[in-house]
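J.: Next up, target_38.pdb (PDB, C-alpha atoms, pLDDT in the B column).
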ATOM      1  CA  GLN A1176      87.428  63.169 -81.846  1.00 60.00           C
ATOM      2  CA  LYS A1177      86.146  66.390 -80.357  1.00 66.00           C
ATOM      3  CA  GLU A1178      88.339  69.421 -80.928  1.00 88.00           C
ATOM      4  CA  VAL A1179      88.218  70.480 -77.278  1.00 92.00           C
ATOM      5  CA  GLU A1180      87.694  67.893 -74.559  1.00 93.00           C
ATOM      6  CA  GLN A1181      86.699  68.535 -70.973  1.00 94.00           C
ATOM      7  CA  ASN A1182      85.537  66.177 -68.274  1.00 90.00           C
ATOM      8  CA  SER A1183      81.904  67.073 -67.623  1.00 88.00           C
ATOM      9  CA  GLY A1184      82.223  66.477 -63.875  1.00 89.00           C
ATOM     10  CA  PRO A1185      80.977  67.359 -61.437  1.00 95.00           C
ATOM     11  CA  LEU A1186      84.312  67.959 -59.808  1.00 96.00           C
ATOM     12  CA  SER A1187      83.663  68.228 -56.097  1.00 97.00           C
ATOM     13  CA  VAL A1188      86.233  69.848 -53.798  1.00 97.00           C
ATOM     14  CA  PRO A1189      86.037  71.097 -50.194  1.00 98.00           C
ATOM     15  CA  GLU A1190      86.192  74.786 -49.447  1.00 98.00           C
ATOM     16  CA  GLY A1191      89.792  76.010 -49.265  1.00 97.00           C
ATOM     17  CA  ALA A1192      91.153  73.259 -51.507  1.00 98.00           C
ATOM     18  CA  ILE A1193      92.753  73.620 -54.924  1.00 98.00           C
ATOM     19  CA  ALA A1194      90.448  72.821 -57.831  1.00 98.00           C
ATOM     20  CA  SER A1195      92.167  71.585 -60.971  1.00 97.00           C
ATOM     21  CA  LEU A1196      90.287  71.786 -64.259  1.00 98.00           C
ATOM     22  CA  ASN A1197      91.741  70.281 -67.397  1.00 97.00           C
ATOM     23  CA  CYS A1198      91.198  70.655 -71.110  1.00 96.00           C
ATOM     24  CA  THR A1199      92.822  68.897 -74.058  1.00 96.00           C
ATOM     25  CA  TYR A1200      92.654  69.902 -77.689  1.00 94.00           C
ATOM     26  CA  SER A1201      93.378  68.249 -80.978  1.00 91.00           C
ATOM     27  CA  ASP A1202      94.565  71.001 -83.324  1.00 84.00           C
ATOM     28  CA  ARG A1203      98.190  72.048 -83.048  1.00 81.00           C
ATOM     29  CA  GLY A1204      97.356  75.261 -84.895  1.00 80.00           C
ATOM     30  CA  SER A1205      95.570  76.595 -81.830  1.00 80.00           C
ATOM     31  CA  GLN A1206      96.911  79.987 -80.844  1.00 82.00           C
ATOM     32  CA  SER A1207      94.806  81.502 -78.090  1.00 89.00           C
ATOM     33  CA  PHE A1208      93.242  79.813 -75.100  1.00 93.00           C
ATOM     34  CA  PHE A1209      90.539  80.998 -72.758  1.00 95.00           C
ATOM     35  CA  TRP A1210      88.798  79.964 -69.588  1.00 97.00           C
ATOM     36  CA  TYR A1211      85.244  81.122 -68.979  1.00 97.00           C
ATOM     37  CA  ARG A1212      83.058  80.666 -65.938  1.00 98.00           C
ATOM     38  CA  GLN A1213      79.319  80.228 -66.337  1.00 97.00           C
ATOM     39  CA  TYR A1214      76.922  80.319 -63.437  1.00 97.00           C
ATOM     40  CA  SER A1215      73.641  78.520 -63.886  1.00 93.00           C
ATOM     41  CA  GLY A1216      71.285  80.596 -66.015  1.00 92.00           C
ATOM     42  CA  LYS A1217      73.909  83.241 -66.762  1.00 95.00           C
ATOM     43  CA  SER A1218      76.183  83.994 -69.694  1.00 96.00           C
ATOM     44  CA  PRO A1219      79.855  82.970 -69.720  1.00 96.00           C
ATOM     45  CA  GLU A1220      82.325  85.425 -68.252  1.00 96.00           C
ATOM     46  CA  LEU A1221      86.013  85.471 -69.024  1.00 94.00           C
ATOM     47  CA  ILE A1222      88.377  84.354 -66.280  1.00 95.00           C
ATOM     48  CA  MET A1223      91.679  84.249 -68.111  1.00 93.00           C
ATOM     49  CA  SER A1224      93.334  84.099 -71.479  1.00 93.00           C
ATOM     50  CA  ILE A1225      96.708  82.506 -72.172  1.00 94.00           C
ATOM     51  CA  TYR A1226      98.774  82.540 -75.321  1.00 91.00           C
ATOM     52  CA  SER A1227     102.227  81.196 -74.412  1.00 91.00           C
ATOM     53  CA  ASN A1228     103.472  78.005 -72.832  1.00 94.00           C
ATOM     54  CA  GLY A1229     103.795  78.124 -69.080  1.00 95.00           C
ATOM     55  CA  ASP A1230     101.775  79.527 -66.224  1.00 96.00           C
ATOM     56  CA  LYS A1231      99.771  82.704 -65.958  1.00 96.00           C
ATOM     57  CA  GLU A1232      98.495  83.807 -62.589  1.00 97.00           C
ATOM     58  CA  ASP A1233      95.679  86.180 -61.734  1.00 95.00           C
ATOM     59  CA  GLY A1234      94.678  86.262 -58.090  1.00 97.00           C
ATOM     60  CA  ARG A1235      93.480  82.810 -57.044  1.00 97.00           C
ATOM     61  CA  PHE A1236      93.485  81.586 -60.629  1.00 98.00           C
ATOM     62  CA  THR A1237      96.395  80.072 -62.547  1.00 98.00           C
ATOM     63  CA  ALA A1238      96.165  78.990 -66.158  1.00 97.00           C
ATOM     64  CA  GLN A1239      98.706  76.529 -67.473  1.00 97.00           C
ATOM     65  CA  LEU A1240      99.408  75.891 -71.138  1.00 96.00           C
ATOM     66  CA  ASN A1241     101.451  73.099 -72.678  1.00 95.00           C
ATOM     67  CA  LYS A1242     101.270  73.245 -76.454  1.00 92.00           C
ATOM     68  CA  ALA A1243     103.510  70.214 -76.959  1.00 92.00           C
ATOM     69  CA  SER A1244     101.133  68.043 -74.946  1.00 93.00           C
ATOM     70  CA  GLN A1245      98.086  69.943 -76.188  1.00 94.00           C
ATOM     71  CA  TYR A1246      96.496  70.709 -72.876  1.00 94.00           C
ATOM     72  CA  VAL A1247      95.482  73.741 -70.926  1.00 97.00           C
ATOM     73  CA  SER A1248      94.450  73.726 -67.295  1.00 97.00           C
ATOM     74  CA  LEU A1249      92.978  76.078 -64.724  1.00 98.00           C
ATOM     75  CA  LEU A1250      93.877  75.920 -61.050  1.00 98.00           C
ATOM     76  CA  ILE A1251      91.690  77.644 -58.492  1.00 98.00           C
ATOM     77  CA  ARG A1252      93.390  78.076 -55.140  1.00 98.00           C
ATOM     78  CA  ASP A1253      91.494  78.484 -51.891  1.00 98.00           C
ATOM     79  CA  SER A1254      88.262  77.410 -53.587  1.00 98.00           C
ATOM     80  CA  GLN A1255      85.108  79.100 -52.353  1.00 97.00           C
ATOM     81  CA  PRO A1256      81.471  78.002 -52.623  1.00 97.00           C
ATOM     82  CA  SER A1257      80.990  81.008 -54.923  1.00 97.00           C
ATOM     83  CA  ASP A1258      83.362  79.309 -57.383  1.00 98.00           C
ATOM     84  CA  SER A1259      80.737  76.611 -57.957  1.00 98.00           C
ATOM     85  CA  ALA A1260      79.908  76.950 -61.649  1.00 97.00           C
ATOM     86  CA  THR A1261      80.612  75.408 -65.024  1.00 97.00           C
ATOM     87  CA  TYR A1262      84.036  76.204 -66.446  1.00 97.00           C
ATOM     88  CA  LEU A1263      84.389  76.387 -70.206  1.00 96.00           C
ATOM     89  CA  CYS A1264      87.660  75.969 -72.036  1.00 96.00           C
ATOM     90  CA  ALA A1265      87.925  77.632 -75.442  1.00 94.00           C
ATOM     91  CA  LEU A1266      90.560  78.079 -78.090  1.00 92.00           C
ATOM     92  CA  ARG A1267      91.090  80.070 -81.248  1.00 87.00           C
ATOM     93  CA  MET A1268      93.020  78.641 -84.120  1.00 77.00           C
ATOM     94  CA  ASP A1269      95.349  80.782 -86.162  1.00 69.00           C
ATOM     95  CA  SER A1270      93.643  82.843 -88.853  1.00 69.00           C
ATOM     96  CA  SER A1271      90.207  82.003 -87.532  1.00 73.00           C
ATOM     97  CA  TYR A1272      87.531  84.356 -86.287  1.00 78.00           C
ATOM     98  CA  LYS A1273      85.916  81.626 -84.266  1.00 85.00           C
ATOM     99  CA  LEU A1274      86.385  80.224 -80.802  1.00 88.00           C
ATOM    100  CA  ILE A1275      85.915  76.508 -80.269  1.00 89.00           C
ATOM    101  CA  PHE A1276      84.427  75.663 -76.897  1.00 92.00           C
ATOM    102  CA  GLY A1277      84.562  72.559 -74.813  1.00 93.00           C
ATOM    103  CA  SER A1278      81.353  71.321 -73.247  1.00 92.00           C
ATOM    104  CA  GLY A1279      82.454  72.490 -69.806  1.00 95.00           C
ATOM    105  CA  THR A1280      83.315  71.030 -66.407  1.00 96.00           C
ATOM    106  CA  ARG A1281      80.934  71.558 -63.531  1.00 96.00           C
ATOM    107  CA  LEU A1282      82.728  72.485 -60.306  1.00 98.00           C
ATOM    108  CA  LEU A1283      81.097  72.086 -56.923  1.00 98.00           C
ATOM    109  CA  VAL A1284      82.846  73.571 -53.878  1.00 98.00           C
ATOM    110  CA  ARG A1285      81.487  72.091 -50.652  1.00 97.00           C
ATOM    111  CA  PRO A1286      81.340  74.404 -47.592  1.00 94.00           C
TER
ATOM    112  CA  SER B1117      84.524 100.583 -71.943  1.00 75.00           C
ATOM    113  CA  GLN B1118      82.634  98.164 -74.130  1.00 79.00           C
ATOM    114  CA  THR B1119      79.118  96.979 -73.343  1.00 88.00           C
ATOM    115  CA  ILE B1120      76.973  94.408 -75.086  1.00 93.00           C
ATOM    116  CA  HIS B1121      73.198  94.374 -74.841  1.00 95.00           C
ATOM    117  CA  GLN B1122      70.652  91.738 -75.739  1.00 97.00           C
ATOM    118  CA  TRP B1123      66.906  91.849 -75.740  1.00 95.00           C
ATOM    119  CA  PRO B1124      64.559  90.554 -74.837  1.00 96.00           C
ATOM    120  CA  ALA B1125      65.913  88.776 -71.769  1.00 96.00           C
ATOM    121  CA  THR B1126      63.261  86.072 -71.890  1.00 97.00           C
ATOM    122  CA  LEU B1127      60.771  85.049 -74.525  1.00 97.00           C
ATOM    123  CA  VAL B1128      58.033  82.445 -74.754  1.00 97.00           C
ATOM    124  CA  GLN B1129      56.797  81.800 -78.279  1.00 97.00           C
ATOM    125  CA  PRO B1130      54.430  79.277 -79.878  1.00 98.00           C
ATOM    126  CA  VAL B1131      55.666  76.845 -82.490  1.00 97.00           C
ATOM    127  CA  GLY B1132      55.456  78.355 -85.960  1.00 97.00           C
ATOM    128  CA  SER B1133      55.722  81.959 -84.807  1.00 97.00           C
ATOM    129  CA  PRO B1134      58.459  84.343 -86.020  1.00 97.00           C
ATOM    130  CA  LEU B1135      61.482  85.373 -83.973  1.00 97.00           C
ATOM    131  CA  SER B1136      63.668  88.432 -83.761  1.00 97.00           C
ATOM    132  CA  LEU B1137      66.469  88.762 -81.216  1.00 98.00           C
ATOM    133  CA  GLU B1138      68.643  91.830 -81.110  1.00 97.00           C
ATOM    134  CA  CYS B1139      72.200  92.419 -79.976  1.00 97.00           C
ATOM    135  CA  THR B1140      74.025  95.750 -79.847  1.00 96.00           C
ATOM    136  CA  VAL B1141      77.560  96.613 -78.806  1.00 94.00           C
ATOM    137  CA  GLU B1142      78.708  99.938 -77.415  1.00 92.00           C
ATOM    138  CA  GLY B1143      82.161 101.386 -77.028  1.00 88.00           C
ATOM    139  CA  THR B1144      83.888  99.736 -79.966  1.00 85.00           C
ATOM    140  CA  SER B1145      83.818  99.906 -83.738  1.00 85.00           C
ATOM    141  CA  ASN B1146      83.903  97.197 -86.392  1.00 87.00           C
ATOM    142  CA  PRO B1147      83.655  94.304 -83.942  1.00 90.00           C
ATOM    143  CA  ASN B1148      83.313  90.681 -84.947  1.00 91.00           C
ATOM    144  CA  LEU B1149      79.890  89.526 -83.778  1.00 94.00           C
ATOM    145  CA  TYR B1150      78.659  86.036 -82.957  1.00 95.00           C
ATOM    146  CA  TRP B1151      75.408  84.249 -82.167  1.00 96.00           C
ATOM    147  CA  TYR B1152      75.499  81.100 -80.052  1.00 95.00           C
ATOM    148  CA  ARG B1153      72.796  78.799 -78.771  1.00 95.00           C
ATOM    149  CA  GLN B1154      73.065  76.763 -75.615  1.00 94.00           C
ATOM    150  CA  ALA B1155      70.497  74.028 -75.092  1.00 88.00           C
ATOM    151  CA  ALA B1156      69.708  73.084 -71.507  1.00 83.00           C
ATOM    152  CA  GLY B1157      72.711  71.375 -69.904  1.00 79.00           C
ATOM    153  CA  ARG B1158      74.710  71.511 -73.108  1.00 82.00           C
ATOM    154  CA  GLY B1159      77.680  73.354 -74.560  1.00 86.00           C
ATOM    155  CA  LEU B1160      77.775  76.403 -76.788  1.00 92.00           C
ATOM    156  CA  GLN B1161      76.795  75.961 -80.412  1.00 91.00           C
ATOM    157  CA  LEU B1162      78.008  78.673 -82.797  1.00 92.00           C
ATOM    158  CA  LEU B1163      75.181  79.665 -85.120  1.00 94.00           C
ATOM    159  CA  PHE B1164      76.435  82.703 -87.053  1.00 94.00           C
ATOM    160  CA  TYR B1165      79.294  85.140 -87.072  1.00 92.00           C
ATOM    161  CA  SER B1166      79.899  88.425 -88.831  1.00 93.00           C
ATOM    162  CA  VAL B1167      83.084  90.328 -89.563  1.00 90.00           C
ATOM    163  CA  GLY B1168      81.339  93.388 -91.001  1.00 91.00           C
ATOM    164  CA  ILE B1169      78.086  94.998 -92.087  1.00 93.00           C
ATOM    165  CA  GLY B1170      76.119  92.656 -94.314  1.00 91.00           C
ATOM    166  CA  GLN B1171      78.714  89.871 -93.931  1.00 93.00           C
ATOM    167  CA  ILE B1172      77.219  86.775 -92.334  1.00 94.00           C
ATOM    168  CA  SER B1173      78.719  83.305 -92.052  1.00 91.00           C
ATOM    169  CA  SER B1174      76.427  80.444 -91.107  1.00 90.00           C
ATOM    170  CA  GLU B1175      77.739  77.540 -89.096  1.00 87.00           C
ATOM    171  CA  VAL B1176      74.660  75.356 -88.808  1.00 82.00           C
ATOM    172  CA  PRO B1177      72.004  74.991 -91.533  1.00 65.00           C
ATOM    173  CA  GLN B1178      68.613  75.444 -89.932  1.00 80.00           C
ATOM    174  CA  ASN B1179      65.574  77.657 -89.906  1.00 89.00           C
ATOM    175  CA  LEU B1180      67.423  80.584 -88.351  1.00 95.00           C
ATOM    176  CA  SER B1181      68.998  83.544 -90.116  1.00 96.00           C
ATOM    177  CA  ALA B1182      71.129  86.484 -89.046  1.00 97.00           C
ATOM    178  CA  SER B1183      71.613  90.002 -90.270  1.00 97.00           C
ATOM    179  CA  ARG B1184      73.943  92.865 -89.471  1.00 97.00           C
ATOM    180  CA  PRO B1185      72.273  96.068 -90.631  1.00 95.00           C
ATOM    181  CA  GLN B1186      74.648  98.354 -88.710  1.00 95.00           C
ATOM    182  CA  ASP B1187      78.228  98.059 -87.513  1.00 94.00           C
ATOM    183  CA  ARG B1188      77.305  97.315 -83.908  1.00 94.00           C
ATOM    184  CA  GLN B1189      73.948  95.611 -84.380  1.00 96.00           C
ATOM    185  CA  PHE B1190      73.392  91.905 -84.913  1.00 97.00           C
ATOM    186  CA  ILE B1191      69.947  90.355 -85.332  1.00 97.00           C
ATOM    187  CA  LEU B1192      68.894  86.713 -85.162  1.00 97.00           C
ATOM    188  CA  SER B1193      65.642  85.810 -86.869  1.00 97.00           C
ATOM    189  CA  SER B1194      63.350  82.971 -87.752  1.00 96.00           C
ATOM    190  CA  LYS B1195      60.217  82.878 -89.870  1.00 96.00           C
ATOM    191  CA  LYS B1196      58.777  79.808 -88.104  1.00 96.00           C
ATOM    192  CA  LEU B1197      60.035  78.544 -84.780  1.00 96.00           C
ATOM    193  CA  LEU B1198      60.441  74.878 -83.983  1.00 94.00           C
ATOM    194  CA  LEU B1199      60.344  73.229 -80.565  1.00 95.00           C
ATOM    195  CA  SER B1200      64.041  72.461 -80.997  1.00 92.00           C
ATOM    196  CA  ASP B1201      64.800  76.192 -81.187  1.00 94.00           C
ATOM    197  CA  SER B1202      64.319  76.502 -77.437  1.00 95.00           C
ATOM    198  CA  GLY B1203      67.498  77.462 -75.625  1.00 95.00           C
ATOM    199  CA  PHE B1204      69.710  80.209 -74.309  1.00 97.00           C
ATOM    200  CA  TYR B1205      70.831  82.543 -77.093  1.00 97.00           C
ATOM    201  CA  LEU B1206      74.053  84.384 -76.560  1.00 97.00           C
ATOM    202  CA  CYS B1207      75.573  87.210 -78.547  1.00 97.00           C
ATOM    203  CA  ALA B1208      79.309  87.839 -78.309  1.00 96.00           C
ATOM    204  CA  TRP B1209      81.791  90.294 -79.717  1.00 93.00           C
ATOM    205  CA  THR B1210      85.522  90.394 -80.228  1.00 88.00           C
ATOM    206  CA  GLY B1211      88.087  92.783 -81.626  1.00 74.00           C
ATOM    207  CA  LEU B1212      90.176  92.257 -84.694  1.00 60.00           C
ATOM    208  CA  ALA B1213      93.719  92.108 -83.383  1.00 57.00           C
ATOM    209  CA  ARG B1214      95.242  89.226 -81.490  1.00 52.00           C
ATOM    210  CA  SER B1215      95.484  91.388 -78.418  1.00 55.00           C
ATOM    211  CA  THR B1216      91.724  91.853 -78.496  1.00 59.00           C
ATOM    212  CA  ASP B1217      90.604  88.414 -79.630  1.00 78.00           C
ATOM    213  CA  THR B1218      88.817  87.598 -76.408  1.00 86.00           C
ATOM    214  CA  GLN B1219      85.113  87.044 -76.873  1.00 91.00           C
ATOM    215  CA  TYR B1220      82.800  88.845 -74.496  1.00 92.00           C
ATOM    216  CA  PHE B1221      79.253  87.663 -74.075  1.00 95.00           C
ATOM    217  CA  GLY B1222      76.022  89.526 -73.657  1.00 96.00           C
ATOM    218  CA  PRO B1223      73.527  88.622 -70.935  1.00 97.00           C
ATOM    219  CA  GLY B1224      71.616  86.261 -73.219  1.00 97.00           C
ATOM    220  CA  THR B1225      68.013  85.647 -74.230  1.00 97.00           C
ATOM    221  CA  ARG B1226      66.217  82.610 -72.870  1.00 97.00           C
ATOM    222  CA  LEU B1227      63.781  81.356 -75.505  1.00 97.00           C
ATOM    223  CA  THR B1228      61.094  78.806 -74.805  1.00 97.00           C
ATOM    224  CA  VAL B1229      59.117  77.480 -77.745  1.00 96.00           C
ATOM    225  CA  LEU B1230      55.832  75.819 -76.757  1.00 96.00           C
TER
END
Could you take the file, read its structure, and then write that structure out as structure tokens?
T.:
Amino acid sequence: QKEVEQNSGPLSVPEGAIASLNCTYSDRGSQSFFWYRQYSGKSPELIMSIYSNGDKEDGRFTAQLNKASQYVSLLIRDSQPSDSATYLCALRMDSSYKLIFGSGTRLLVRP
Amino acid sequence: SQTIHQWPATLVQPVGSPLSLECTVEGTSNPNLYWYRQAAGRGLQLLFYSVGIGQISSEVPQNLSASRPQDRQFILSSKKLLLSDSGFYLCAWTGLARSTDTQYFGPGTRLTVL
């Protein structure tokens, strides 16, 4: 079983809709969670980090963490074509220097 | 603010040739440094990480090596490149405390081995 699982997509949504990206993980020792966005040919850029159960909002983005169910999600409200990219979920386990990345979900926002 | 640089941006090398990719970080001290490789259409593969000068941890046994000669400099090397070494090489840094454990990526080096 992979440590971080993401649906590879593509997830296709119309412009203005809510895009929901999901990530599940296997290790209950995971402490920190991150969402990165990666445009084709570019390096990943951080969207949000989340450390505690619940929701964290930043502009159009909301990260949701549920440690009991071992999932983290990213909601993008009012999706724009410029949001079309691959979204990477990552986590850091306690006492580890390393991040473990999922393989990413490709999001396509249709104009 | 912190900045991370990588060079070169692109590189085309013949099979069997040597490789040296460089990564430097500005605006922070004693960062943790990481090298990743991303094959076309694939996820990120952690190659090496370093928590200090001269301290290198290898994640994947292969023909690549890494060195950290200075606090904010991280170098990825190979003596003889293979076709399978082609990919997008990313350097990343992070701080030490939980509040700074986010990894930030450099712009990357796209390597094509022919």
J.: Between A:Gln1181, A:Ser1195, A:Ser1215, A:Ser1187, which one has atoms that come closest to Pro1256 of chain A, using all atoms listed in the file?
T.: A:Ser1187
J.: Kindly indicate which residue among A:Arg1252, A:Arg1267, A:Lys1242, A:Arg1203 lies nearest to chain B, using all atoms listed in the file for the distances.
T.: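 For chain B, the nearest of the candidates is A:Arg1267.
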J.: Given the point (79.8, 83.7, -85.4) in the file's coordinates, find the residues that have an atom at most 6 Å from it, counting only C-alpha atoms, and give them as a PyMOL selection string.
T.: chain B and resi 1150-1151+1162+1164-1166
J.: Using all atoms listed in the file, which residues sit within 7 Å of Tyr1211 of chain A once same-chain residues fewer than 4 positions away are excluded, as a list of chain:residue names?
T.: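 The contact residues come out as A:Pro1219, A:Glu1220, A:Leu1221, A:Ile1222, A:Tyr1262, A:Leu1263, A:Cys1264.
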J.: For a cutoff of 12 Å around the file-coordinate point (82.2, 85.9, -87.7), which residues qualify once you count only C-alpha atoms? I'd like the result as a PyMOL selection string.
T.: (chain A and resi 1270-1274) or (chain B and resi 1146-1152+1162-1175+1182-1184+1190+1207-1212+1217+1219)
J.: Compute the chain A side of the contact with chain B at 7 Å, counting all atoms listed in the file, and hand it back as an mmCIF file with C-alpha atoms, in the coordinates of the input.
T.:
data_model
loop_
_atom_site.group_PDB
_atom_site.id
_atom_site.type_symbol
_atom_site.label_atom_id
_atom_site.label_comp_id
_atom_site.auth_asym_id
_atom_site.auth_seq_id
_atom_site.Cartn_x
_atom_site.Cartn_y
_atom_site.Cartn_z
ATOM 1 C CA LYS A 1217 73.909 83.241 -66.762
ATOM 2 C CA SER A 1218 76.183 83.994 -69.694
ATOM 3 C CA PRO A 1219 79.855 82.970 -69.720
ATOM 4 C CA GLU A 1220 82.325 85.425 -68.252
ATOM 5 C CA PHE A 1276 84.427 75.663 -76.897
ATOM 6 C CA GLY A 1277 84.562 72.559 -74.813
ATOM 7 C CA SER A 1278 81.353 71.321 -73.247
ATOM 8 C CA GLY A 1279 82.454 72.490 -69.806
#
J.: Any chance you could work out the axis-aligned box around segment 1148-1164 of chain B, listed atoms only, 8 Å on each side, giving centre and edge lengths in Å to one decimal, as AutoDock Vina command-line options?
T.:
--center_x 76.5 --center_y 81.0 --center_z -78.5 --size_x 29.6 --size_y 35.3 --size_z 33.1
J.: Report, in Å to a single decimal, how far apart atom CA of Val1284 of chain A and atom CA of Leu1186 of chain A are.
T.: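 Computing it gives 8.3 Å between the two atoms.
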J.: Name the residues that the PyMOL selection byres ((chain A and resi 1237) around 6) pulls out of this structure, and write them as a PyMOL selection string.
T.: chain A and resi 1231-1232+1236+1238+1249-1250
J.: For each of B:Gln1189, B:Ser1200, B:Ser1194, B:Gln1178, take the minimum atom-to-atom distance to Gln1122 of chain B, counting all atoms listed in the file, then give the residue where this is smallest.
T.: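 Under the stated criterion, the closest residue is B:Gln1189.
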J.: Could you state the separation of atom CA of Pro1130 of chain B and atom CA of Leu1197 of chain B in Å, given to one decimal place?
T.: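 Calculated distance between atom CA of Pro1130 of chain B and atom CA of Leu1197 of chain B is 7.5 Å.
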J.: What gap, in Å, lies between atom CA of Gln1213 of chain A and atom CA of Ala1155 of chain B?
T.: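 Calculated distance between atom CA of Gln1213 of chain A and atom CA of Ala1155 of chain B is 13.9 Å.
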J.: Considering all atoms listed in the file, return as a ChimeraX atom specification whatever protein or nucleic-acid residues lie within 8 Å of Gln1206 of chain A, sequence-local ones (same chain, fewer than 4 positions apart) excluded.
T.: /A:1226,1266-1269
J.: Counting all atoms listed in the file, what is within 6 Å of Leu1227 of chain B, bar same-chain residues fewer than 2 positions away, as a VMD selection string?
T.: chain B and resid 1126 to 1128 1202 to 1203
J.: With distances taken over all atoms listed in the file, which residue among A:Ile1275, A:Glu1190, A:Ile1251, A:Asp1233 lies nearest Asp1202 of chain A?
T.: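 Smallest separation from Asp1202 of chain A among the options: A:Ile1275.
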J.: Taking the file as shown, what set of residues would the PyMOL selection byres ((chain A and resi 1208) around 6) give back, as a PDB file with C-alpha atoms, keeping the file's coordinate frame?
T.:
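Result file follows (out_10.pdb):
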ATOM      1  CA  SER A1207      94.806  81.502 -78.090  1.00 89.00           C
ATOM      2  CA  PHE A1209      90.539  80.998 -72.758  1.00 95.00           C
ATOM      3  CA  SER A1224      93.334  84.099 -71.479  1.00 93.00           C
ATOM      4  CA  ILE A1225      96.708  82.506 -72.172  1.00 94.00           C
ATOM      5  CA  ALA A1265      87.925  77.632 -75.442  1.00 94.00           C
ATOM      6  CA  LEU A1266      90.560  78.079 -78.090  1.00 92.00           C
TER       7      LEU A1266
END
J.: Considering all atoms listed in the file, can you say which of A:Asn1197, A:Val1188, A:Gly1229, A:Ser1183 comes closest to Asp1258 of chain A?
T.: A:Val1188
J.: Between A:Cys1198, A:Ser1259, A:Ala1243, A:Leu1282, single out the one closest to Val1179 of chain A, counting all atoms listed in the file.
T.: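 Using all atoms listed in the file, the shortest distance to Val1179 of chain A belongs to A:Cys1198.
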J.: Could you rebuild segment 1213-1228 of chain A with N, CA and C atoms and give me the result as a PDB file, keeping the file's coordinate frame?
T.:
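result28.pdb, freshly written:
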ATOM      1  N   GLN A1213      80.736  80.018 -66.064  1.00 97.00           N
ATOM      2  CA  GLN A1213      79.319  80.228 -66.337  1.00 97.00           C
ATOM      3  C   GLN A1213      78.504  79.741 -65.158  1.00 97.00           C
ATOM      4  N   TYR A1214      77.863  80.673 -64.484  1.00 97.00           N
ATOM      5  CA  TYR A1214      76.922  80.319 -63.437  1.00 97.00           C
ATOM      6  C   TYR A1214      75.611  79.888 -64.078  1.00 97.00           C
ATOM      7  N   SER A1215      74.889  79.056 -63.364  1.00 93.00           N
ATOM      8  CA  SER A1215      73.641  78.520 -63.886  1.00 93.00           C
ATOM      9  C   SER A1215      72.690  79.640 -64.295  1.00 93.00           C
ATOM     10  N   GLY A1216      72.238  79.605 -65.522  1.00 92.00           N
ATOM     11  CA  GLY A1216      71.285  80.596 -66.015  1.00 92.00           C
ATOM     12  C   GLY A1216      71.898  81.908 -66.457  1.00 92.00           C
ATOM     13  N   LYS A1217      73.225  82.008 -66.387  1.00 95.00           N
ATOM     14  CA  LYS A1217      73.909  83.241 -66.762  1.00 95.00           C
ATOM     15  C   LYS A1217      74.791  83.023 -67.979  1.00 95.00           C
ATOM     16  N   SER A1218      75.296  84.114 -68.537  1.00 96.00           N
ATOM     17  CA  SER A1218      76.183  83.994 -69.694  1.00 96.00           C
ATOM     18  C   SER A1218      77.617  83.770 -69.240  1.00 96.00           C
ATOM     19  N   PRO A1219      78.448  83.212 -70.093  1.00 96.00           N
ATOM     20  CA  PRO A1219      79.855  82.970 -69.720  1.00 96.00           C
ATOM     21  C   PRO A1219      80.594  84.285 -69.493  1.00 96.00           C
ATOM     22  N   GLU A1220      81.480  84.262 -68.503  1.00 96.00           N
ATOM     23  CA  GLU A1220      82.325  85.425 -68.252  1.00 96.00           C
ATOM     24  C   GLU A1220      83.779  84.984 -68.272  1.00 96.00           C
ATOM     25  N   LEU A1221      84.610  85.817 -68.864  1.00 94.00           N
ATOM     26  CA  LEU A1221      86.013  85.471 -69.024  1.00 94.00           C
ATOM     27  C   LEU A1221      86.731  85.463 -67.684  1.00 94.00           C
ATOM     28  N   ILE A1222      87.499  84.392 -67.447  1.00 95.00           N
ATOM     29  CA  ILE A1222      88.377  84.354 -66.280  1.00 95.00           C
ATOM     30  C   ILE A1222      89.787  84.729 -66.702  1.00 95.00           C
ATOM     31  N   MET A1223      90.297  84.010 -67.698  1.00 93.00           N
ATOM     32  CA  MET A1223      91.679  84.249 -68.111  1.00 93.00           C
ATOM     33  C   MET A1223      91.867  83.871 -69.562  1.00 93.00           C
ATOM     34  N   SER A1224      92.859  84.508 -70.170  1.00 93.00           N
ATOM     35  CA  SER A1224      93.334  84.099 -71.479  1.00 93.00           C
ATOM     36  C   SER A1224      94.814  83.766 -71.352  1.00 93.00           C
ATOM     37  N   ILE A1225      95.284  82.870 -72.190  1.00 94.00           N
ATOM     38  CA  ILE A1225      96.708  82.506 -72.172  1.00 94.00           C
ATOM     39  C   ILE A1225      97.138  82.184 -73.586  1.00 94.00           C
ATOM     40  N   TYR A1226      98.322  82.669 -73.948  1.00 91.00           N
ATOM     41  CA  TYR A1226      98.774  82.540 -75.321  1.00 91.00           C
ATOM     42  C   TYR A1226     100.103  81.788 -75.445  1.00 91.00           C
ATOM     43  N   SER A1227     100.892  81.789 -74.353  1.00 91.00           N
ATOM     44  CA  SER A1227     102.227  81.196 -74.412  1.00 91.00           C
ATOM     45  C   SER A1227     102.338  80.037 -73.441  1.00 91.00           C
ATOM     46  N   ASN A1228     103.228  79.128 -73.738  1.00 94.00           N
ATOM     47  CA  ASN A1228     103.472  78.005 -72.832  1.00 94.00           C
ATOM     48  C   ASN A1228     103.878  78.495 -71.453  1.00 94.00           C
TER      49      ASN A1228
END
